[in-house]
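Have a look at my_file-v3.cif; it's mmCIF, C-alpha atoms and all ligand atoms:
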data_work
loop_
_atom_site.label_atom_id
_atom_site.label_comp_id
_atom_site.auth_asym_id
_atom_site.auth_seq_id
_atom_site.Cartn_x
_atom_site.Cartn_y
_atom_site.Cartn_z
CA MET A 1 105.01 -4.66 -4.09
CA SER A 2 107.55 -2.59 -2.14
CA PRO A 3 109.13 0.54 -3.61
CA ALA A 4 112.48 -1.31 -3.70
CA ASP A 5 111.08 -3.63 -6.39
CA ILE A 6 111.11 -0.67 -8.74
CA LEU A 7 114.62 -0.34 -10.12
CA ILE A 8 114.01 2.73 -12.27
CA ASP A 9 111.09 5.09 -11.72
CA CYS A 10 110.59 7.58 -14.54
CA GLN A 11 107.75 10.00 -13.78
CA ASP A 12 106.55 12.45 -16.38
CA ALA A 13 110.15 12.97 -17.51
CA ALA A 14 110.74 15.31 -20.43
CA LEU A 15 113.93 16.16 -22.27
CA THR A 16 114.34 19.26 -24.41
CA PHE A 17 117.50 20.06 -26.35
CA GLY A 18 118.30 23.71 -26.99
CA ARG A 19 116.02 26.62 -26.20
CA GLY A 20 113.83 29.20 -27.81
CA PRO A 21 112.81 28.69 -31.43
CA ASN A 22 115.48 26.01 -31.90
CA ALA A 23 114.28 23.85 -28.99
CA VAL A 24 113.68 20.19 -29.81
CA VAL A 25 111.50 18.22 -27.43
CA ALA A 26 113.10 14.77 -27.67
CA VAL A 27 110.93 13.26 -24.91
CA HIS A 28 107.51 14.53 -23.77
CA GLY A 29 106.57 13.66 -20.18
CA ALA A 30 107.28 9.92 -20.20
CA GLY A 31 106.10 7.59 -17.44
CA LEU A 32 107.84 4.23 -17.08
CA ARG A 33 108.77 1.86 -14.26
CA ILE A 34 111.41 -0.83 -14.62
CA ARG A 35 111.32 -3.82 -12.27
CA ALA A 36 113.66 -6.78 -11.85
CA GLY A 37 113.03 -9.38 -14.54
CA ASP A 38 111.38 -6.94 -16.96
CA ARG A 39 112.02 -7.60 -20.67
CA LEU A 40 110.86 -4.45 -22.40
CA ALA A 41 111.20 -3.29 -25.99
CA ILE A 42 110.85 0.40 -26.82
CA VAL A 43 109.85 0.55 -30.45
CA GLY A 44 109.92 3.59 -32.69
CA ARG A 45 111.21 5.14 -35.84
CA SER A 46 114.42 7.09 -36.24
CA GLY A 47 114.25 10.37 -34.31
CA SER A 48 111.28 9.31 -32.16
CA GLY A 49 113.32 9.79 -28.96
CA LYS A 50 114.38 6.24 -28.04
CA SER A 51 118.02 7.06 -27.30
CA SER A 52 117.02 10.21 -25.41
CA LEU A 53 114.68 8.16 -23.20
CA LEU A 54 117.37 5.54 -22.48
CA HIS A 55 119.83 8.29 -21.57
CA LEU A 56 117.29 9.66 -19.09
CA LEU A 57 116.79 6.18 -17.59
CA ALA A 58 120.57 5.73 -17.33
CA GLY A 59 121.08 9.10 -15.63
CA LEU A 60 123.19 10.37 -18.52
CA GLU A 61 120.76 13.22 -19.13
CA GLN A 62 118.87 15.24 -16.53
CA PRO A 63 115.16 15.57 -17.27
CA THR A 64 114.10 19.10 -18.24
CA SER A 65 110.97 18.43 -16.18
CA GLY A 66 109.69 15.42 -14.26
CA THR A 67 111.93 12.96 -12.40
CA VAL A 68 113.97 9.82 -12.88
CA THR A 69 114.93 7.95 -9.72
CA TRP A 70 116.48 4.55 -8.97
CA PRO A 71 114.68 3.34 -5.81
CA GLY A 72 115.86 -0.28 -5.99
CA LEU A 73 119.39 0.47 -7.17
CA THR A 74 122.48 1.99 -5.58
CA GLY A 75 122.24 4.48 -8.43
CA PRO A 76 122.91 4.70 -12.16
CA ARG A 77 126.15 2.77 -11.57
CA ASP A 78 124.06 -0.42 -11.37
CA ILE A 79 122.93 0.18 -14.94
CA GLY A 80 124.82 -1.02 -18.02
CA LEU A 81 124.13 0.94 -21.20
CA VAL A 82 124.89 -0.55 -24.60
CA PHE A 83 125.45 2.67 -26.55
CA GLN A 84 124.02 3.02 -30.03
CA GLY A 85 127.01 4.89 -31.45
CA ASP A 86 130.77 4.41 -31.21
CA SER A 87 131.81 4.36 -27.59
CA LEU A 88 135.04 2.34 -27.51
CA ILE A 89 138.24 4.03 -26.37
CA PRO A 90 140.55 4.20 -29.40
CA ALA A 91 143.81 3.64 -27.51
CA LEU A 92 142.61 0.46 -25.76
CA ASP A 93 142.33 -2.90 -27.50
CA VAL A 94 139.04 -4.80 -27.56
CA VAL A 95 139.62 -6.86 -24.41
CA GLU A 96 140.86 -3.79 -22.49
CA ASN A 97 137.79 -1.83 -23.59
CA THR A 98 135.53 -4.68 -22.48
CA ALA A 99 137.29 -5.04 -19.12
CA LEU A 100 137.48 -1.30 -18.40
CA PRO A 101 134.25 -0.89 -16.34
CA LEU A 102 135.34 -3.81 -14.14
CA VAL A 103 138.87 -2.43 -13.71
CA LEU A 104 137.38 0.94 -12.77
CA THR A 105 135.39 -0.70 -9.95
CA GLY A 106 138.63 -2.14 -8.54
CA ILE A 107 138.51 -5.70 -9.88
CA PRO A 108 142.08 -7.01 -10.43
CA ASP A 109 143.29 -6.88 -14.04
CA ASP A 110 143.55 -10.64 -14.56
CA ARG A 111 140.03 -11.31 -13.30
CA ALA A 112 138.60 -8.42 -15.28
CA ARG A 113 140.36 -9.70 -18.39
CA ALA A 114 138.97 -13.22 -17.90
CA ALA A 115 135.43 -11.86 -17.48
CA ALA A 116 135.89 -9.68 -20.56
CA LEU A 117 137.06 -12.63 -22.67
CA ALA A 118 134.07 -14.71 -21.51
CA ALA A 119 131.69 -11.88 -22.42
CA LEU A 120 133.33 -11.41 -25.82
CA ALA A 121 132.86 -15.15 -26.50
CA LEU A 122 129.10 -14.76 -25.87
CA VAL A 123 128.87 -12.40 -28.85
CA ASP A 124 131.37 -14.36 -31.01
CA ALA A 125 133.99 -11.65 -30.68
CA ALA A 126 136.72 -13.44 -28.70
CA GLU A 127 139.01 -13.53 -31.72
CA LEU A 128 138.98 -9.70 -31.85
CA ALA A 129 140.45 -9.41 -28.34
CA ASP A 130 143.81 -7.95 -29.34
CA ARG A 131 142.58 -5.56 -32.04
CA LEU A 132 142.16 -1.82 -31.68
CA PRO A 133 138.72 -0.27 -32.30
CA GLU A 134 139.97 1.21 -35.60
CA GLU A 135 140.79 -2.33 -36.77
CA ILE A 136 137.25 -3.72 -36.41
CA SER A 137 134.00 -3.16 -38.32
CA GLY A 138 131.01 -1.16 -37.09
CA GLY A 139 129.03 -4.33 -36.39
CA GLN A 140 131.96 -5.87 -34.55
CA ALA A 141 132.24 -2.69 -32.45
CA GLN A 142 128.54 -3.00 -31.64
CA ARG A 143 129.10 -6.56 -30.40
CA VAL A 144 132.08 -5.45 -28.28
CA THR A 145 129.91 -2.69 -26.78
CA ALA A 146 127.35 -5.36 -25.82
CA ALA A 147 130.11 -7.56 -24.37
CA ARG A 148 131.34 -4.64 -22.24
CA VAL A 149 127.93 -4.50 -20.56
CA LEU A 150 127.61 -8.29 -20.29
CA ALA A 151 130.97 -8.41 -18.45
CA GLN A 152 129.65 -5.88 -15.92
CA ALA A 153 126.61 -8.04 -15.08
CA PRO A 154 124.57 -4.94 -14.13
CA ARG A 155 121.13 -5.06 -12.46
CA VAL A 156 119.60 -3.26 -15.43
CA ILE A 157 120.75 -3.62 -19.04
CA LEU A 158 119.68 -0.79 -21.35
CA ALA A 159 120.57 -1.67 -24.94
CA ASP A 160 120.17 1.02 -27.59
CA GLU A 161 119.46 -0.68 -30.95
CA PRO A 162 122.00 -3.42 -30.13
CA THR A 163 121.27 -5.23 -33.41
CA GLY A 164 121.00 -2.15 -35.63
CA ARG A 165 124.26 -2.69 -37.50
CA LEU A 166 124.16 -6.49 -37.58
CA ASP A 167 122.99 -9.12 -40.09
CA HIS A 168 120.11 -11.39 -39.01
CA ALA A 169 122.16 -14.30 -37.67
CA THR A 170 124.64 -12.11 -35.78
CA GLY A 171 121.89 -9.86 -34.43
CA SER A 172 119.96 -12.87 -33.24
CA ARG A 173 123.06 -14.15 -31.45
CA VAL A 174 123.58 -10.80 -29.66
CA LEU A 175 119.92 -10.74 -28.65
CA ASP A 176 120.25 -14.31 -27.32
CA ALA A 177 123.32 -13.25 -25.32
CA LEU A 178 121.48 -10.27 -23.78
CA LEU A 179 118.39 -12.35 -22.93
CA THR A 180 120.45 -15.21 -21.48
CA ALA A 181 122.57 -12.84 -19.40
CA ALA A 182 119.45 -11.12 -18.07
CA ASP A 183 117.92 -14.51 -17.20
CA GLU A 184 121.06 -15.71 -15.44
CA THR A 185 121.61 -12.58 -13.38
CA GLY A 186 117.95 -11.63 -12.88
CA ALA A 187 118.64 -8.27 -14.48
CA ALA A 188 115.98 -6.15 -16.12
CA LEU A 189 116.48 -5.72 -19.86
CA VAL A 190 115.27 -2.76 -21.94
CA ILE A 191 116.01 -2.73 -25.66
CA THR A 192 115.23 0.01 -28.17
CA THR A 193 114.59 -1.11 -31.72
CA HIS A 194 112.78 -0.23 -34.93
CA ASP A 195 112.54 -3.94 -35.73
CA PRO A 196 109.25 -5.66 -34.81
CA THR A 197 110.78 -9.14 -34.73
CA VAL A 198 113.39 -7.99 -32.22
CA ALA A 199 110.59 -6.43 -30.16
CA ALA A 200 108.61 -9.67 -30.39
CA ARG A 201 111.34 -11.55 -28.53
CA LEU A 202 110.79 -9.47 -25.39
CA THR A 203 107.79 -9.85 -23.10
CA ALA A 204 106.49 -6.26 -23.24
CA ARG A 205 106.51 -3.47 -25.81
CA ARG A 206 106.04 0.29 -25.60
CA ALA A 207 105.82 2.41 -28.73
CA MET A 208 107.55 5.77 -29.03
CA ARG A 209 106.30 8.29 -31.55
CA ASP A 210 107.49 11.89 -31.93
CA GLY A 211 108.90 11.89 -28.41
CA ARG A 212 105.75 10.42 -26.85
CA LEU A 213 105.92 7.08 -25.09
CA ALA A 214 102.64 5.27 -25.68
CA SER A 215 100.86 3.12 -23.15
CA ALA A 216 101.62 -0.60 -23.30
CA ASP A 217 98.46 -1.41 -25.28
CA ASP A 218 99.45 0.90 -28.10
CA ALA A 219 102.67 -0.85 -29.05
CA ASP A 220 101.16 -3.29 -31.53
CA THR A 221 99.97 -0.46 -33.77
CA ASP A 222 103.53 0.66 -34.13
CA ARG A 223 104.79 -2.86 -34.75
CA ALA A 224 102.32 -3.31 -37.56
CA ASP A 225 103.54 -0.31 -39.51
CA ALA A 226 107.23 -0.70 -38.73
CA ASP A 227 109.62 -1.80 -41.44
CA THR A 228 109.90 -5.58 -41.51
CA ALA A 229 112.67 -5.66 -44.11
CA HIS A 230 115.38 -6.01 -41.46
CA SER A 231 113.56 -8.55 -39.34
CA LEU A 232 115.56 -10.76 -37.03
CA GLY A 233 115.01 -14.19 -35.52
CA GLU A 234 111.70 -15.76 -34.67
CA PRO A 235 109.13 -14.47 -32.24
CA SER A 236 109.28 -16.65 -29.14
N1 LIG B 301 122.21 16.43 -28.45
C1 LIG B 301 121.14 16.78 -29.15
N2 LIG B 301 120.91 18.08 -29.47
C2 LIG B 301 119.81 18.46 -30.15
N3 LIG B 301 118.86 17.61 -30.58
C3 LIG B 301 119.03 16.30 -30.31
C4 LIG B 301 120.17 15.83 -29.59
N4 LIG B 301 120.06 14.47 -29.46
C5 LIG B 301 118.92 14.14 -30.09
N5 LIG B 301 118.29 15.23 -30.59
C6 LIG B 301 116.99 15.26 -31.28
O1 LIG B 301 116.03 14.64 -30.44
C7 LIG B 301 115.14 13.84 -31.20
C8 LIG B 301 115.19 12.41 -30.69
O2 LIG B 301 116.47 11.86 -30.95
P1 LIG B 301 116.89 10.40 -30.48
O3 LIG B 301 118.34 10.23 -30.76
O4 LIG B 301 116.45 10.20 -29.08
O5 LIG B 301 116.00 9.49 -31.45
P2 LIG B 301 116.06 7.90 -31.72
O6 LIG B 301 114.67 7.39 -31.63
O7 LIG B 301 117.07 7.29 -30.84
O8 LIG B 301 116.53 7.82 -33.24
P3 LIG B 301 117.40 6.67 -33.99
O9 LIG B 301 116.47 5.51 -34.21
O10 LIG B 301 117.79 7.32 -35.28
O11 LIG B 301 118.56 6.34 -33.12
C9 LIG B 301 115.56 14.00 -32.66
O12 LIG B 301 114.76 15.00 -33.23
C10 LIG B 301 117.00 14.46 -32.57
O13 LIG B 301 117.35 15.23 -33.67
MG MG B 302 118.77 6.26 -31.17
#

Would it be possible to restate this file's structure as structure tokens?
Ligand SMILES: Nc1ncnc2c1ncn2[C@@H]1O[C@H](COP(=O)(O)OP(=O)(O)OP(=O)(O)O)[C@@H](O)[C@H]1O
Ligand SMILES: [Mg+2]
Amino acid sequence: MSPADILIDCQDAALTFGRGPNAVVAVHGAGLRIRAGDRLAIVGRSGSGKSSLLHLLAGLEQPTSGTVTWPGLTGPRDIGLVFQGDSLIPALDVVENTALPLVLTGIPDDRARAAALAALALVDAAELADRLPEEISGGQAQRVTAARVLAQAPRVILADEPTGRLDHATGSRVLDALLTAADETGAALVITTHDPTVAARLTARRAMRDGRLASADDADTDRADADTAHSLGEPS
């Protein structure tokens, strides 16, 4: 396997917020390699460091120690991040928000708009196209955030609890859309979740506990004690 097969190489990367007595170690030296075609779930409870780890992988945060590099990518720009929280621009309507990353890379408005509408349809959100972010629900905003990444067709999709605010059927549909898009484009897909049935739909699982990313074999322990009340879909 050549180094270029590794899209993201995270070596002993740590992330600490604050300093001194108030310092919070969100991620302790995490080692992780993402390759094309990977379908990885990062499973852990609230506050375990999942979002912090994804932000390191996406280049949004600089590791406090260790390294994150993108040997098989042009850089973090080849990565699409489905944010956990609100990330839509209030002054733009849903289709403009979805098309924005494409417009910013120089794709003409009409083509970007067509791609955005197609991506919105994949998450059953096409009918929201003309609404402003303040006029849609939290779960609808989460689907639009997923559509914004699907429209980009990035080489790596990092999705931060993409089903966290959705009912079972809708969450399952969004997961289907992410998996199908990754299959069609050959992208790697990394999803964070606290839901074992979401994790079961990916091919590999890594548990995160108190900022520590466990080895692959450890993930099932975490799945067993995770909350199944919000389970989604069927394990494949
Ligand atoms: N900007 C920040 N400043 C200080 N501490 C932070 C910051 N962001 C996160 N933390 C802390 O880092 C730890 C990990 O947070 P993180 O958001 O990565 O967890 P998570 O697993 O994504 O949780 P959730 O499932 O609730 O989204 C937590 O203790 C959190 O309070
Ligand atoms: Mg999080």

- Kindly indicate which residue among A:Ile79, A:Ile42, A:Ala141, A:Ala146 lies nearest to ligand MG 302 (chain B), using only C-alpha atoms and all ligand atoms for the distances.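 Smallest distance to ligand MG 302 (chain B) is found for A:Ile42.
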
- Provide the atom CA of A:Ala23 to atom CA of A:Val190 distance in Å, to one decimal place.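 These atoms are spaced 27.5 Å apart.
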
Fill in: Residues within 8 Å of stretch 119-131 of chain A, all atoms listed in the file, excluding chain neighbours under 3 positions, as a PyMOL selection string
chain A and resi 93-95+98+115-116+135-136+140+143-144+146-148+150-151+173-174+177

So which one's closest to A:Ala153, A:Ala169, A:Ala112, A:Leu60, A:Ala91? Using all atoms listed in the file, please.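 Among A:Ala169, A:Ala112, A:Leu60, A:Ala91, it is A:Ala112 that comes nearest to A:Ala153.
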
Taking only residues of chain A that have an atom at most 10 Å from an atom of ligand LIG 301 (chain B), what is each one's shortest atom pair and its distance in Å to one decimal, using all atoms listed in the file, in chain and number order, as JSON lines?
{"residue": "A:Leu15", "atom": "CA", "partner": "B:LIG301", "partner_atom": "O1", "distance": 8.6}
{"residue": "A:Thr16", "atom": "CA", "partner": "B:LIG301", "partner_atom": "O1", "distance": 7.8}
{"residue": "A:Phe17", "atom": "CA", "partner": "B:LIG301", "partner_atom": "C2", "distance": 4.7}
{"residue": "A:Gly18", "atom": "CA", "partner": "B:LIG301", "partner_atom": "C2", "distance": 6.3}
{"residue": "A:Arg19", "atom": "CA", "partner": "B:LIG301", "partner_atom": "C2", "distance": 9.8}
{"residue": "A:Asn22", "atom": "CA", "partner": "B:LIG301", "partner_atom": "C2", "distance": 8.9}
{"residue": "A:Ala23", "atom": "CA", "partner": "B:LIG301", "partner_atom": "C2", "distance": 7.8}
{"residue": "A:Val24", "atom": "CA", "partner": "B:LIG301", "partner_atom": "N3", "distance": 5.8}
{"residue": "A:Val25", "atom": "CA", "partner": "B:LIG301", "partner_atom": "O1", "distance": 6.5}
{"residue": "A:Ala26", "atom": "CA", "partner": "B:LIG301", "partner_atom": "O1", "distance": 4.0}
{"residue": "A:Val27", "atom": "CA", "partner": "B:LIG301", "partner_atom": "C8", "distance": 7.2}
{"residue": "A:Ile42", "atom": "CA", "partner": "B:LIG301", "partner_atom": "O6", "distance": 9.3}
{"residue": "A:Val43", "atom": "CA", "partner": "B:LIG301", "partner_atom": "O6", "distance": 8.5}
{"residue": "A:Gly44", "atom": "CA", "partner": "B:LIG301", "partner_atom": "O6", "distance": 6.2}
{"residue": "A:Arg45", "atom": "CA", "partner": "B:LIG301", "partner_atom": "O9", "distance": 5.5}
{"residue": "A:Ser46", "atom": "CA", "partner": "B:LIG301", "partner_atom": "O9", "distance": 3.3}
{"residue": "A:Gly47", "atom": "CA", "partner": "B:LIG301", "partner_atom": "O5", "distance": 3.5}
{"residue": "A:Ser48", "atom": "CA", "partner": "B:LIG301", "partner_atom": "O6", "distance": 3.9}
{"residue": "A:Gly49", "atom": "CA", "partner": "B:LIG301", "partner_atom": "O4", "distance": 3.2}
{"residue": "A:Lys50", "atom": "CA", "partner": "B:LIG301", "partner_atom": "O6", "distance": 3.8}
{"residue": "A:Ser51", "atom": "CA", "partner": "B:LIG301", "partner_atom": "O7", "distance": 3.7}
{"residue": "A:Ser52", "atom": "CA", "partner": "B:LIG301", "partner_atom": "O4", "distance": 3.7}
{"residue": "A:Leu53", "atom": "CA", "partner": "B:LIG301", "partner_atom": "O4", "distance": 6.5}
{"residue": "A:Leu54", "atom": "CA", "partner": "B:LIG301", "partner_atom": "O4", "distance": 8.1}
{"residue": "A:His55", "atom": "CA", "partner": "B:LIG301", "partner_atom": "O4", "distance": 8.5}
{"residue": "A:Glu61", "atom": "CA", "partner": "B:LIG301", "partner_atom": "N1", "distance": 10.0}
{"residue": "A:Gln84", "atom": "CA", "partner": "B:LIG301", "partner_atom": "O11", "distance": 7.1}
{"residue": "A:Gly85", "atom": "CA", "partner": "B:LIG301", "partner_atom": "O11", "distance": 8.7}
{"residue": "A:Asp160", "atom": "CA", "partner": "B:LIG301", "partner_atom": "O7", "distance": 7.7}
{"residue": "A:Glu161", "atom": "CA", "partner": "B:LIG301", "partner_atom": "O11", "distance": 7.4}
{"residue": "A:Gly164", "atom": "CA", "partner": "B:LIG301", "partner_atom": "O9", "distance": 9.0}
{"residue": "A:Thr192", "atom": "CA", "partner": "B:LIG301", "partner_atom": "O7", "distance": 8.0}
{"residue": "A:Thr193", "atom": "CA", "partner": "B:LIG301", "partner_atom": "O9", "distance": 7.3}
{"residue": "A:His194", "atom": "CA", "partner": "B:LIG301", "partner_atom": "O9", "distance": 6.9}
{"residue": "A:Met208", "atom": "CA", "partner": "B:LIG301", "partner_atom": "O6", "distance": 7.8}
{"residue": "A:Arg209", "atom": "CA", "partner": "B:LIG301", "partner_atom": "O6", "distance": 8.4}
{"residue": "A:Asp210", "atom": "CA", "partner": "B:LIG301", "partner_atom": "C8", "distance": 7.8}
{"residue": "A:Gly211", "atom": "CA", "partner": "B:LIG301", "partner_atom": "C8", "distance": 6.7}

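Interatomic distance, atom CA of A:Val103 to atom CA of A:Val149: 13.1 Å.
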
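Between ligand MG 302 (chain B) and the candidates A:Ala188, A:Ala13, A:Ala159, A:Ile107, the tightest atom-to-atom separation, counting only C-alpha atoms and all ligand atoms, involves A:Ala159.
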
*asked:* Given all atoms listed in the file as the basis, pick out the residue of A:Arg111, A:Arg77, A:Arg39, A:Arg201 nearest to A:Leu175.
replied: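 The answer is A:Arg201, which sits nearest to A:Leu175.
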
Separating atom CA of A:Ala214 from atom CA of A:Val198, to the nearest tenth of an Å, is a gap of 18.3 Å

Enclosing box along x, y and z for every listed atom of stretch 27-38 of chain A, padded 3 Å each side, centre and size in Å, one decimal, as AutoDock Vina command-line options:
--center_x 109.9 --center_y 2.6 --center_z -18.4 --size_x 13.6 --size_y 29.9 --size_z 19.1

Min atom-atom distance to ligand MG 302 (chain B) from the set A:Val82, A:Ala99, A:Ile157, A:Leu179, counting only C-alpha atoms and all ligand atoms, belongs to A:Val82

* Non-local contacts of A:Arg155 (9 Å; all atoms listed in the file; under 2 positions in same chain excluded) as a ChimeraX atom specification -> /A:7,36,73,78-80,153,157,182,185-189

So that I can check the surroundings of A:Ile6, please list as a compact mmCIF listing (two decimals) with C-alpha atoms, in the coordinates of the input every protein, DNA and RNA residue that reaches within 12 Å of it, counting only C-alpha atoms and ignoring chain neighbours fewer than 2 positions away.
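Final output, saved to part-v8.txt:
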# COMPACT_ATOMS: atom_id res chain seq x y z
CA MET A 1 105.01 -4.66 -4.09
CA SER A 2 107.55 -2.59 -2.14
CA PRO A 3 109.13 0.54 -3.61
CA ALA A 4 112.48 -1.31 -3.70
CA ILE A 8 114.01 2.73 -12.27
CA ASP A 9 111.09 5.09 -11.72
CA CYS A 10 110.59 7.58 -14.54
CA LEU A 32 107.84 4.23 -17.08
CA ARG A 33 108.77 1.86 -14.26
CA ILE A 34 111.41 -0.83 -14.62
CA ARG A 35 111.32 -3.82 -12.27
CA ALA A 36 113.66 -6.78 -11.85
CA GLY A 37 113.03 -9.38 -14.54
CA ASP A 38 111.38 -6.94 -16.96
CA VAL A 68 113.97 9.82 -12.88
CA THR A 69 114.93 7.95 -9.72
CA TRP A 70 116.48 4.55 -8.97
CA PRO A 71 114.68 3.34 -5.81
CA GLY A 72 115.86 -0.28 -5.99
CA LEU A 73 119.39 0.47 -7.17
CA ARG A 155 121.13 -5.06 -12.46
CA VAL A 156 119.60 -3.26 -15.43
CA ALA A 188 115.98 -6.15 -16.12

Nearest to ligand MG 302 (chain B), restricted to only C-alpha atoms and all ligand atoms and choosing among A:Thr105, A:Thr64, A:Thr74, A:Thr163, comes out as A:Thr163

### Task
Find the residues around A:Pro90 up to 8 Å (all atoms listed in the file counted), leave out those fewer than 2 positions away in its own chain, and share them as JSON, numbers by chain.
{"A": [88, 92, 93, 132, 133, 134]}
